[in-house]
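S.K.: Compact mmCIF, C-alpha atoms, file my_file.txt:
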# COMPACT_ATOMS: atom_id res chain seq x y z
CA MET A 1 -65.72 12.77 63.72
CA ASP A 2 -63.87 16.00 64.25
CA THR A 3 -60.35 14.58 64.45
CA GLN A 4 -58.25 11.79 63.08
CA ALA A 5 -54.91 10.34 64.10
CA SER A 6 -51.84 10.85 62.01
CA PRO A 7 -51.09 7.71 59.97
CA SER A 8 -47.67 7.46 61.61
CA SER A 9 -49.24 6.93 65.03
CA THR A 10 -49.82 3.26 64.35
CA GLU A 11 -46.42 2.74 62.83
CA LEU A 12 -44.11 4.39 65.35
CA GLY A 13 -43.62 3.88 69.08
CA ALA A 14 -43.03 6.63 71.59
CA PRO A 15 -40.40 9.04 70.24
CA SER A 16 -36.97 9.01 71.84
CA THR A 17 -35.74 11.93 73.95
CA GLY A 18 -33.10 12.69 71.33
CA ARG A 19 -35.70 12.99 68.60
CA ARG A 20 -37.88 15.23 70.73
CA VAL A 21 -34.92 17.47 71.48
CA LEU A 22 -33.99 17.67 67.79
CA MET A 23 -37.53 18.75 66.86
CA LEU A 24 -37.53 21.29 69.69
CA VAL A 25 -34.19 22.72 68.54
CA LEU A 26 -35.31 22.97 64.91
CA ALA A 27 -38.56 24.66 65.89
CA THR A 28 -36.77 27.09 68.21
CA VAL A 29 -34.22 28.00 65.54
CA GLY A 30 -37.02 28.60 63.04
CA PHE A 31 -38.86 30.81 65.49
CA THR A 32 -35.65 32.72 66.28
CA VAL A 33 -34.76 33.35 62.65
CA ASN A 34 -38.26 34.49 61.72
CA PHE A 35 -38.45 36.74 64.77
CA TRP A 36 -35.09 38.20 63.77
CA ALA A 37 -36.61 39.13 60.43
CA TRP A 38 -39.82 40.37 62.09
CA ALA A 39 -37.84 42.82 64.26
CA LEU A 40 -35.56 44.31 61.60
CA LEU A 41 -37.32 47.66 61.41
CA SER A 42 -37.17 48.51 65.12
CA PRO A 43 -33.40 49.16 65.44
CA LEU A 44 -33.48 51.26 62.28
CA ALA A 45 -36.53 53.34 63.23
CA PRO A 46 -34.40 56.27 64.56
CA LEU A 47 -32.37 56.22 61.33
CA PHE A 48 -35.53 56.30 59.19
CA LYS A 49 -36.99 59.01 61.43
CA ASP A 50 -34.02 61.27 60.69
CA ARG A 51 -33.74 60.41 56.98
CA LEU A 52 -37.45 60.71 56.22
CA ASP A 53 -38.27 63.42 58.79
CA LEU A 54 -40.89 61.28 60.55
CA THR A 55 -42.94 62.39 63.53
CA SER A 56 -42.84 60.42 66.80
CA PHE A 57 -46.19 58.85 65.93
CA GLU A 58 -45.03 57.86 62.43
CA GLN A 59 -41.90 56.29 63.92
CA ALA A 60 -44.04 54.31 66.38
CA LEU A 61 -46.40 53.26 63.55
CA LEU A 62 -43.45 52.04 61.47
CA VAL A 63 -42.34 49.56 64.13
CA ALA A 64 -45.90 48.64 65.17
CA VAL A 65 -47.27 47.56 61.77
CA PRO A 66 -45.28 44.29 61.53
CA VAL A 67 -46.32 43.54 65.11
CA VAL A 68 -50.05 43.82 64.47
CA VAL A 69 -49.91 41.84 61.21
CA GLY A 70 -47.78 39.13 62.78
CA SER A 71 -50.23 39.00 65.65
CA VAL A 72 -53.51 38.81 63.76
CA GLY A 73 -51.93 36.41 61.25
CA ARG A 74 -51.35 33.90 64.05
CA ILE A 75 -55.05 33.06 64.12
CA PRO A 76 -55.25 31.48 60.62
CA VAL A 77 -51.66 30.20 60.81
CA GLY A 78 -52.38 28.43 64.11
CA ALA A 79 -55.49 26.80 62.63
CA LEU A 80 -53.54 25.78 59.51
CA THR A 81 -50.82 24.27 61.72
CA ASP A 82 -53.41 22.15 63.54
CA ARG A 83 -54.47 20.84 60.14
CA PHE A 84 -51.22 20.56 58.15
CA GLY A 85 -48.54 20.41 60.85
CA GLY A 86 -45.33 22.29 61.53
CA ARG A 87 -43.37 20.19 59.04
CA LEU A 88 -45.10 22.08 56.21
CA MET A 89 -45.79 25.42 57.87
CA PHE A 90 -42.31 26.27 59.20
CA PRO A 91 -40.49 26.16 55.82
CA LEU A 92 -43.46 27.70 54.02
CA VAL A 93 -43.70 30.78 56.24
CA SER A 94 -39.90 31.15 56.24
CA VAL A 95 -39.87 31.30 52.44
CA ILE A 96 -42.73 33.81 52.37
CA THR A 97 -40.92 36.06 54.86
CA ILE A 98 -37.89 36.29 52.56
CA VAL A 99 -39.94 38.39 50.10
CA PRO A 100 -40.59 41.46 52.30
CA VAL A 101 -37.11 41.24 53.82
CA LEU A 102 -35.51 41.61 50.40
CA PHE A 103 -38.02 44.26 49.34
CA LEU A 104 -37.26 46.41 52.38
CA GLY A 105 -33.51 45.98 52.01
CA LEU A 106 -33.21 46.56 48.29
CA ALA A 107 -36.03 48.91 47.34
CA GLY A 108 -38.48 49.74 50.12
CA HIS A 109 -36.61 51.97 52.56
CA ASP A 110 -36.76 55.34 50.82
CA SER A 111 -40.31 56.36 51.78
CA LEU A 112 -42.70 55.86 54.68
CA ALA A 113 -45.32 54.31 52.38
CA ALA A 114 -42.88 51.68 51.09
CA LEU A 115 -41.69 50.92 54.62
CA LEU A 116 -45.27 50.43 55.80
CA VAL A 117 -46.10 48.14 52.87
CA GLY A 118 -42.95 46.08 53.43
CA GLY A 119 -43.53 46.04 57.18
CA PHE A 120 -47.09 44.82 56.63
CA VAL A 121 -45.92 41.73 54.74
CA LEU A 122 -42.94 41.34 57.08
CA GLY A 123 -45.49 40.60 59.77
CA MET A 124 -45.65 37.03 58.41
CA GLY A 125 -42.43 36.28 60.30
CA GLY A 126 -44.23 36.88 63.58
CA THR A 127 -46.82 34.17 62.88
CA THR A 128 -44.30 31.36 63.42
CA PHE A 129 -45.10 31.42 67.12
CA ALA A 130 -48.49 29.85 66.32
CA ILE A 131 -46.69 27.12 64.37
CA GLY A 132 -44.18 26.16 67.03
CA VAL A 133 -46.42 25.88 70.11
CA PRO A 134 -48.72 23.13 68.77
CA PHE A 135 -45.74 21.47 67.04
CA VAL A 136 -43.71 21.28 70.26
CA ASN A 137 -46.77 20.52 72.39
CA ALA A 138 -47.45 17.37 70.35
CA TRP A 139 -43.88 16.09 70.78
CA PHE A 140 -43.76 16.28 74.61
CA PRO A 141 -45.79 14.68 77.42
CA PRO A 142 -47.92 16.97 79.63
CA SER A 143 -45.43 16.93 82.52
CA ARG A 144 -42.69 18.45 80.32
CA ARG A 145 -44.67 20.79 78.10
CA GLY A 146 -44.20 23.91 80.22
CA LEU A 147 -40.42 23.69 79.96
CA ALA A 148 -40.45 22.61 76.30
CA ILE A 149 -42.75 25.42 75.20
CA GLY A 150 -40.74 27.83 77.35
CA VAL A 151 -37.55 26.78 75.57
CA PHE A 152 -39.28 27.24 72.22
CA GLY A 153 -40.52 30.64 73.36
CA ALA A 154 -36.90 31.66 73.88
CA GLY A 155 -36.91 32.11 70.11
CA THR A 156 -38.17 35.61 70.86
CA GLY A 157 -34.44 36.21 71.26
CA GLY A 158 -34.46 36.78 67.52
CA THR A 159 -35.33 40.37 68.40
CA ALA A 160 -32.06 40.58 70.36
CA ILE A 161 -30.13 39.31 67.35
CA SER A 162 -31.75 42.05 65.31
CA ALA A 163 -30.95 44.68 67.94
CA LEU A 164 -27.29 43.63 68.21
CA THR A 165 -26.53 43.14 64.51
CA THR A 166 -28.73 45.46 62.44
CA VAL A 167 -27.09 48.82 63.14
CA PRO A 168 -23.49 47.44 63.00
CA LEU A 169 -24.28 45.75 59.67
CA VAL A 170 -25.64 49.01 58.30
CA ASN A 171 -22.54 50.87 59.53
CA SER A 172 -20.20 48.34 57.93
CA GLY A 173 -22.14 48.08 54.69
CA SER A 174 -25.40 49.78 53.77
CA VAL A 175 -29.07 49.78 54.76
CA ALA A 176 -29.53 46.70 52.58
CA THR A 177 -26.88 44.59 54.37
CA PRO A 178 -28.86 43.33 57.41
CA PHE A 179 -31.85 42.52 55.21
CA VAL A 180 -29.79 40.49 52.74
CA VAL A 181 -28.03 38.61 55.55
CA THR A 182 -31.36 37.77 57.19
CA ALA A 183 -32.85 36.61 53.87
CA VAL A 184 -29.94 34.20 53.36
CA VAL A 185 -30.38 32.78 56.88
CA LEU A 186 -34.12 32.34 56.28
CA ALA A 187 -33.44 30.50 53.03
CA VAL A 188 -30.97 28.14 54.70
CA TYR A 189 -33.43 27.40 57.50
CA ALA A 190 -36.27 26.78 55.03
CA VAL A 191 -34.18 24.10 53.28
CA VAL A 192 -32.98 22.47 56.51
CA SER A 193 -36.44 22.41 58.07
CA ALA A 194 -38.00 20.96 54.92
CA LEU A 195 -35.47 18.11 55.08
CA LEU A 196 -35.42 17.38 58.83
CA LEU A 197 -38.66 18.48 60.50
CA ARG A 198 -41.24 15.79 61.27
CA ASP A 199 -44.60 16.09 62.96
CA ALA A 200 -45.10 14.07 66.15
CA PRO A 201 -46.37 10.50 65.75
CA GLY A 202 -49.97 10.27 66.87
CA ARG A 203 -50.57 13.98 66.34
CA THR A 204 -54.30 14.72 66.54
CA VAL A 205 -55.40 16.16 63.19
CA PRO A 206 -58.71 18.09 63.05
CA THR A 207 -60.83 17.56 59.95
CA GLY A 208 -63.38 20.37 60.19
CA SER A 209 -63.15 23.68 58.36
CA ILE A 210 -60.78 26.34 59.64
CA ARG A 211 -63.69 28.72 60.21
CA ARG A 212 -65.59 26.24 62.36
CA ARG A 213 -62.50 25.31 64.35
CA VAL A 214 -61.64 28.94 65.05
CA LEU A 215 -65.22 29.61 66.19
CA ASP A 216 -65.18 26.52 68.42
CA THR A 217 -61.88 27.62 69.88
CA ALA A 218 -63.24 31.10 70.57
CA ARG A 219 -65.88 29.53 72.82
CA LEU A 220 -63.32 27.94 75.15
CA PRO A 221 -62.86 29.88 78.42
CA VAL A 222 -59.11 29.18 78.43
CA THR A 223 -58.80 30.98 75.08
CA TRP A 224 -59.96 34.32 76.44
CA GLN A 225 -58.42 33.98 79.87
CA ALA A 226 -55.01 33.20 78.37
CA SER A 227 -55.47 35.90 75.71
CA ALA A 228 -56.03 38.61 78.31
CA LEU A 229 -53.00 37.53 80.32
CA TYR A 230 -50.72 37.10 77.31
CA ALA A 231 -51.72 40.54 76.05
CA VAL A 232 -50.16 41.93 79.23
CA ALA A 233 -47.16 39.58 79.61
CA PHE A 234 -45.97 39.09 76.04
CA GLY A 235 -47.54 42.35 74.89
CA GLY A 236 -45.38 44.17 77.42
CA PHE A 237 -42.28 42.34 76.17
CA VAL A 238 -43.05 43.17 72.52
CA ALA A 239 -43.82 46.80 73.33
CA PHE A 240 -40.51 47.29 75.13
CA SER A 241 -38.53 45.36 72.52
CA VAL A 242 -39.77 47.60 69.70
CA TYR A 243 -40.02 50.94 71.51
CA LEU A 244 -37.30 50.81 74.16
CA PRO A 245 -34.53 52.22 71.89
CA ALA A 246 -36.65 55.27 71.08
CA TYR A 247 -37.62 55.66 74.76
CA LEU A 248 -34.03 55.50 75.98
CA GLN A 249 -32.82 57.95 73.38
CA THR A 250 -35.57 60.44 74.20
CA ALA A 251 -35.83 60.06 77.98
CA TYR A 252 -32.13 59.58 78.75
CA GLY A 253 -30.33 61.00 75.71
CA LEU A 254 -28.53 57.74 74.85
CA ALA A 255 -26.83 57.20 71.51
CA GLN A 256 -28.59 54.93 69.02
CA SER A 257 -26.09 52.08 69.43
CA ASP A 258 -26.16 52.28 73.23
CA ALA A 259 -29.97 52.25 73.30
CA ALA A 260 -30.06 49.26 70.93
CA ASN A 261 -27.57 47.34 73.09
CA ARG A 262 -29.60 48.00 76.24
CA MET A 263 -32.74 46.85 74.48
CA ALA A 264 -30.88 43.67 73.50
CA GLY A 265 -30.02 43.09 77.16
CA PHE A 266 -33.68 43.52 78.09
CA VAL A 267 -34.72 41.02 75.43
CA LEU A 268 -32.03 38.47 76.35
CA LEU A 269 -33.05 38.47 80.00
CA ALA A 270 -36.72 38.03 79.06
CA VAL A 271 -35.75 35.20 76.70
CA VAL A 272 -33.81 33.38 79.42
CA ALA A 273 -36.64 33.88 81.91
CA ARG A 274 -39.27 32.41 79.59
CA PRO A 275 -38.21 28.73 79.83
CA THR A 276 -37.62 29.34 83.52
CA GLY A 277 -41.25 30.39 83.83
CA GLY A 278 -42.31 27.24 81.99
CA TRP A 279 -40.12 25.05 84.19
CA LEU A 280 -41.46 26.64 87.37
CA SER A 281 -44.99 26.11 86.05
CA ASP A 282 -44.28 22.39 85.56
CA ARG A 283 -42.93 22.10 89.11
CA PHE A 284 -45.43 24.29 90.92
CA ASP A 285 -48.40 25.98 89.27
CA PRO A 286 -48.66 28.33 86.25
CA VAL A 287 -51.22 30.46 88.10
CA ARG A 288 -48.79 31.19 90.95
CA VAL A 289 -45.88 31.89 88.60
CA LEU A 290 -48.00 34.25 86.52
CA THR A 291 -49.40 36.11 89.53
CA VAL A 292 -45.96 36.77 91.00
CA SER A 293 -44.63 37.85 87.59
CA LEU A 294 -47.41 40.39 87.11
CA ILE A 295 -46.88 41.83 90.59
CA VAL A 296 -43.19 42.38 89.74
CA VAL A 297 -44.17 44.12 86.48
CA THR A 298 -46.53 46.37 88.43
CA ALA A 299 -43.75 47.44 90.77
CA GLY A 300 -41.20 47.98 87.98
CA ALA A 301 -43.55 50.05 85.81
CA ALA A 302 -44.64 52.17 88.78
CA LEU A 303 -41.00 52.94 89.60
CA GLN A 304 -40.09 53.76 86.00
CA ALA A 305 -43.06 56.12 85.67
CA PHE A 306 -41.03 58.58 87.75
CA THR A 307 -38.11 58.37 85.24
CA PRO A 308 -35.49 57.63 87.90
CA PRO A 309 -31.76 57.86 87.08
CA LEU A 310 -30.87 55.16 84.58
CA MET A 311 -28.11 53.89 86.88
CA PRO A 312 -29.03 52.10 89.01
CA LEU A 313 -32.82 52.47 89.53
CA GLY A 314 -33.93 52.67 85.89
CA THR A 315 -31.78 49.69 84.94
CA ILE A 316 -33.10 47.67 87.89
CA ALA A 317 -36.70 48.52 86.96
CA PHE A 318 -36.27 47.47 83.33
CA LEU A 319 -34.34 44.28 84.08
CA THR A 320 -36.82 43.08 86.70
CA MET A 321 -39.67 43.79 84.31
CA ALA A 322 -37.84 41.88 81.58
CA ALA A 323 -37.44 38.81 83.78
CA ALA A 324 -41.04 39.00 84.99
CA LEU A 325 -42.51 39.47 81.50
CA GLY A 326 -40.46 36.52 80.19
CA ALA A 327 -41.44 34.21 83.06
CA GLY A 328 -45.07 35.30 82.80
CA SER A 329 -45.15 34.58 79.06
CA GLY A 330 -43.82 31.08 79.69
CA ALA A 331 -46.42 30.52 82.42
CA VAL A 332 -49.31 31.54 80.13
CA PHE A 333 -48.50 28.80 77.64
CA ALA A 334 -47.90 26.26 80.38
CA LEU A 335 -51.52 27.07 81.27
CA VAL A 336 -52.61 26.65 77.62
CA ALA A 337 -50.80 23.29 77.35
CA LEU A 338 -52.55 22.17 80.53
CA LEU A 339 -56.09 23.25 79.72
CA ALA A 340 -56.51 23.37 75.90
CA PRO A 341 -57.83 20.29 74.01
CA ALA A 342 -55.01 18.54 72.11
CA ASN A 343 -56.61 19.08 68.69
CA LYS A 344 -57.15 22.80 69.33
CA VAL A 345 -53.76 23.82 70.74
CA GLY A 346 -52.77 25.51 67.48
CA SER A 347 -56.05 27.39 67.20
CA VAL A 348 -55.93 28.44 70.86
CA THR A 349 -52.30 29.48 70.42
CA GLY A 350 -53.22 31.52 67.34
CA ILE A 351 -55.82 33.56 69.19
CA VAL A 352 -53.74 33.89 72.36
CA GLY A 353 -50.64 34.78 70.33
CA ALA A 354 -52.62 37.38 68.42
CA ALA A 355 -53.74 38.92 71.69
CA GLY A 356 -50.13 39.03 72.89
CA GLY A 357 -48.92 40.69 69.73
CA LEU A 358 -51.78 43.18 69.74
CA GLY A 359 -50.92 43.88 73.34
CA GLY A 360 -47.52 44.91 72.00
CA PHE A 361 -49.02 46.96 69.16
CA VAL A 362 -50.98 49.43 71.26
CA PRO A 363 -48.39 50.64 73.85
CA PRO A 364 -45.83 52.03 71.35
CA LEU A 365 -48.57 54.06 69.66
CA VAL A 366 -49.87 55.28 73.02
CA MET A 367 -46.36 56.12 74.24
CA GLY A 368 -45.56 57.99 71.03
CA ALA A 369 -48.85 59.90 71.10
CA LEU A 370 -48.55 60.77 74.81
CA TYR A 371 -44.98 61.97 74.43
CA GLY A 372 -46.00 64.10 71.47
CA ALA A 373 -48.82 65.63 73.54
CA VAL A 374 -47.23 66.11 76.98
CA SER A 375 -43.50 65.43 76.40
CA SER A 376 -43.52 62.69 79.06
CA TYR A 377 -43.71 58.90 79.19
CA ALA A 378 -44.94 58.83 82.81
CA LEU A 379 -48.64 58.37 81.99
CA GLY A 380 -47.95 55.41 79.71
CA LEU A 381 -45.84 53.61 82.31
CA ALA A 382 -48.39 54.33 85.04
CA ALA A 383 -51.07 52.79 82.82
CA LEU A 384 -48.89 49.66 82.40
CA ALA A 385 -48.60 49.37 86.20
CA MET A 386 -52.37 49.54 86.64
CA VAL A 387 -53.04 47.01 83.86
CA ALA A 388 -50.47 44.58 85.29
CA ALA A 389 -51.99 44.90 88.77
CA ALA A 390 -55.47 44.18 87.41
CA ALA A 391 -54.12 41.16 85.49
CA ALA A 392 -52.49 39.79 88.66
CA ALA A 393 -55.80 40.04 90.53
CA PHE A 394 -57.66 38.36 87.66
CA THR A 395 -55.11 35.52 87.58
CA TRP A 396 -55.34 34.86 91.32
CA THR A 397 -59.15 34.83 91.30
CA ALA A 398 -60.96 33.81 88.11
CA VAL A 399 -58.11 31.97 86.38
CA ARG A 400 -57.14 30.09 89.54
CA ARG A 401 -60.73 28.86 89.96
CA ALA A 402 -60.91 27.77 86.31
CA ALA A 403 -57.60 25.89 86.52
CA ALA A 404 -58.62 24.17 89.74
CA GLY A 405 -61.92 23.03 88.19
CA ALA A 406 -60.25 21.72 85.03
CA THR A 407 -57.61 19.70 86.89
CA ALA A 408 -59.84 18.41 89.71
What's the structure tokens form of this structure?
M.R.:
Amino acid sequence: MDTQASPSSTELGAPSTGRRVLMLVLATVGFTVNFWAWALLSPLAPLFKDRLDLTSFEQALLVAVPVVVGSVGRIPVGALTDRFGGRLMFPLVSVITIVPVLFLGLAGHDSLAALLVGGFVLGMGGTTFAIGVPFVNAWFPPSRRGLAIGVFGAGTGGTAISALTTVPLVNSGSVATPFVVTAVVLAVYAVVSALLLRDAPGRTVPTGSIRRRVLDTARLPVTWQASALYAVAFGGFVAFSVYLPAYLQTAYGLAQSDAANRMAGFVLLAVVARPTGGWLSDRFDPVRVLTVSLIVVTAGAALQAFTPPLMPLGTIAFLTMAAALGAGSGAVFALVALLAPANKVGSVTGIVGAAGGLGGFVPPLVMGALYGAVSSYALGLAALAMVAAAAAAFTWTAVRRAAAGATA
């Protein structure tokens, strides 16, 4: 036997709506807080660039390191969540994330090497996505999973909290202030989640080794189809959320605070659009929602490649891309909830989430390198348009056929 039922499945009836909502809220708050911590370096990257005399590539590397670690770390964390449940993993990862947050705030911000070491461990905060998707998925019936996972995915708004609060907290205190505040919030959440979180009754618990389960998951077609699409949808969101302040300052000459506020607006719109994408996927079809979203991204990136005036064309391009990337990210996991085996949702989520995060790791490095070489972001944005167009075609052909076969 590869799986076993949770002991509580024979003792409890179907959970009430109120209990499901409470678990969803707790998971979303945990995701938000950890993503807040995960994104702390991005708003301060221009400050560190000036203080430490960093190159454009070093600045991009600084904000990209937590992204790649948080992405790759989702693979084992997702598999561990399948085995041990979100009740254990949420508070555990939150406590671990406190360590690099305090290190960066109190001692690790005076050299690039220390920032990279702290950022590497800070990546743990980004792994909470792979905890929340299987946790929420187990609490909700299939007909409501798209919306529920979309609501949980709105926890990516933690990056907006970071964008809106980090620089003001530094200005009112010191570089350490936002890190200390975030560490306190993480500690409070860890205690609350340890007391209140419960895994869903009847949760399917795999019993095989993590290595075997990850290998089995890697053989599922949905794993790689969803990974490719999430690398574009969520990867695009992550790339803009970490690099947009630097882009706006360089391409349009905005002040640091103005660029951070505009990035926060981008993130907030994407966050709101994510549950909308999940809800639309429940009502219609995740394949259709994803295809339309990717077409919109293609158009927005193609327009922005010409660096139009920020008002109104540039703002319209970025806001439409934000909405499309958010809705597309929600649709990808509506597809995962529909097609992935119940006992492998965490493992599938880990791999797909890693692909999404890695999709966000590469563009900032490419943008930084291209700007350093040709003093223009046009080639990077044109490449995004072509990738999004190819992803839309792939969704409407191969993924649509696979989804139709699985649900027939």
S.K.: Would you compute the distance between atom CA of A:Val29 and atom CA of A:Val289? Give it in Å to one decimal.
M.R.: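 Atom-to-atom, atom CA of A:Val29 to atom CA of A:Val289, that is 26.1 Å.
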S.K.: For A:Lys344, which residue among A:Gly70, A:Pro46, A:Gly78, A:Pro308 is the nearest when counting only C-alpha atoms?
M.R.: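 Using only C-alpha atoms, A:Lys344 sits closest to A:Gly78.
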S.K.: Write out as a PDB file with C-alpha atoms, keeping the file's coordinate frame each polymer residue whose atoms come within 10 Å of stretch 258-264 of chain A, counting only C-alpha atoms; drop sequence neighbours fewer than 4 positions from it.
M.R.:
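As written to disk, selection.pdb reads:
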ATOM      1  CA  SER A  42     -37.170  48.510  65.120  1.00  0.00           C
ATOM      2  CA  PRO A  43     -33.400  49.160  65.440  1.00  0.00           C
ATOM      3  CA  LEU A  44     -33.480  51.260  62.280  1.00  0.00           C
ATOM      4  CA  GLY A 157     -34.440  36.210  71.260  1.00  0.00           C
ATOM      5  CA  GLY A 158     -34.460  36.780  67.520  1.00  0.00           C
ATOM      6  CA  THR A 159     -35.330  40.370  68.400  1.00  0.00           C
ATOM      7  CA  ALA A 160     -32.060  40.580  70.360  1.00  0.00           C
ATOM      8  CA  ILE A 161     -30.130  39.310  67.350  1.00  0.00           C
ATOM      9  CA  SER A 162     -31.750  42.050  65.310  1.00  0.00           C
ATOM     10  CA  ALA A 163     -30.950  44.680  67.940  1.00  0.00           C
ATOM     11  CA  LEU A 164     -27.290  43.630  68.210  1.00  0.00           C
ATOM     12  CA  THR A 165     -26.530  43.140  64.510  1.00  0.00           C
ATOM     13  CA  THR A 166     -28.730  45.460  62.440  1.00  0.00           C
ATOM     14  CA  VAL A 167     -27.090  48.820  63.140  1.00  0.00           C
ATOM     15  CA  PHE A 240     -40.510  47.290  75.130  1.00  0.00           C
ATOM     16  CA  SER A 241     -38.530  45.360  72.520  1.00  0.00           C
ATOM     17  CA  VAL A 242     -39.770  47.600  69.700  1.00  0.00           C
ATOM     18  CA  TYR A 243     -40.020  50.940  71.510  1.00  0.00           C
ATOM     19  CA  LEU A 244     -37.300  50.810  74.160  1.00  0.00           C
ATOM     20  CA  PRO A 245     -34.530  52.220  71.890  1.00  0.00           C
ATOM     21  CA  ALA A 246     -36.650  55.270  71.080  1.00  0.00           C
ATOM     22  CA  TYR A 247     -37.620  55.660  74.760  1.00  0.00           C
ATOM     23  CA  LEU A 248     -34.030  55.500  75.980  1.00  0.00           C
ATOM     24  CA  GLN A 249     -32.820  57.950  73.380  1.00  0.00           C
ATOM     25  CA  THR A 250     -35.570  60.440  74.200  1.00  0.00           C
ATOM     26  CA  TYR A 252     -32.130  59.580  78.750  1.00  0.00           C
ATOM     27  CA  GLY A 253     -30.330  61.000  75.710  1.00  0.00           C
ATOM     28  CA  LEU A 254     -28.530  57.740  74.850  1.00  0.00           C
ATOM     29  CA  LEU A 268     -32.030  38.470  76.350  1.00  0.00           C
ATOM     30  CA  LEU A 269     -33.050  38.470  80.000  1.00  0.00           C
ATOM     31  CA  ALA A 270     -36.720  38.030  79.060  1.00  0.00           C
ATOM     32  CA  THR A 315     -31.780  49.690  84.940  1.00  0.00           C
ATOM     33  CA  PHE A 318     -36.270  47.470  83.330  1.00  0.00           C
ATOM     34  CA  LEU A 319     -34.340  44.280  84.080  1.00  0.00           C
TER      35      LEU A 319
END
S.K.: Between atom CA of A:Val387 and atom CA of A:Ile75, what is the distance, to one decimal in Å?
M.R.: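 Computed distance, atom CA of A:Val387 to atom CA of A:Ile75, equals 24.3 Å.
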S.K.: Would you mind telling me which residue in A:Lys49, A:His109, A:Arg145, A:Arg401 lies nearest to A:Gln225 when using all atoms listed in the file?
M.R.: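 For A:Gln225, the nearest of the candidates is A:Arg401.
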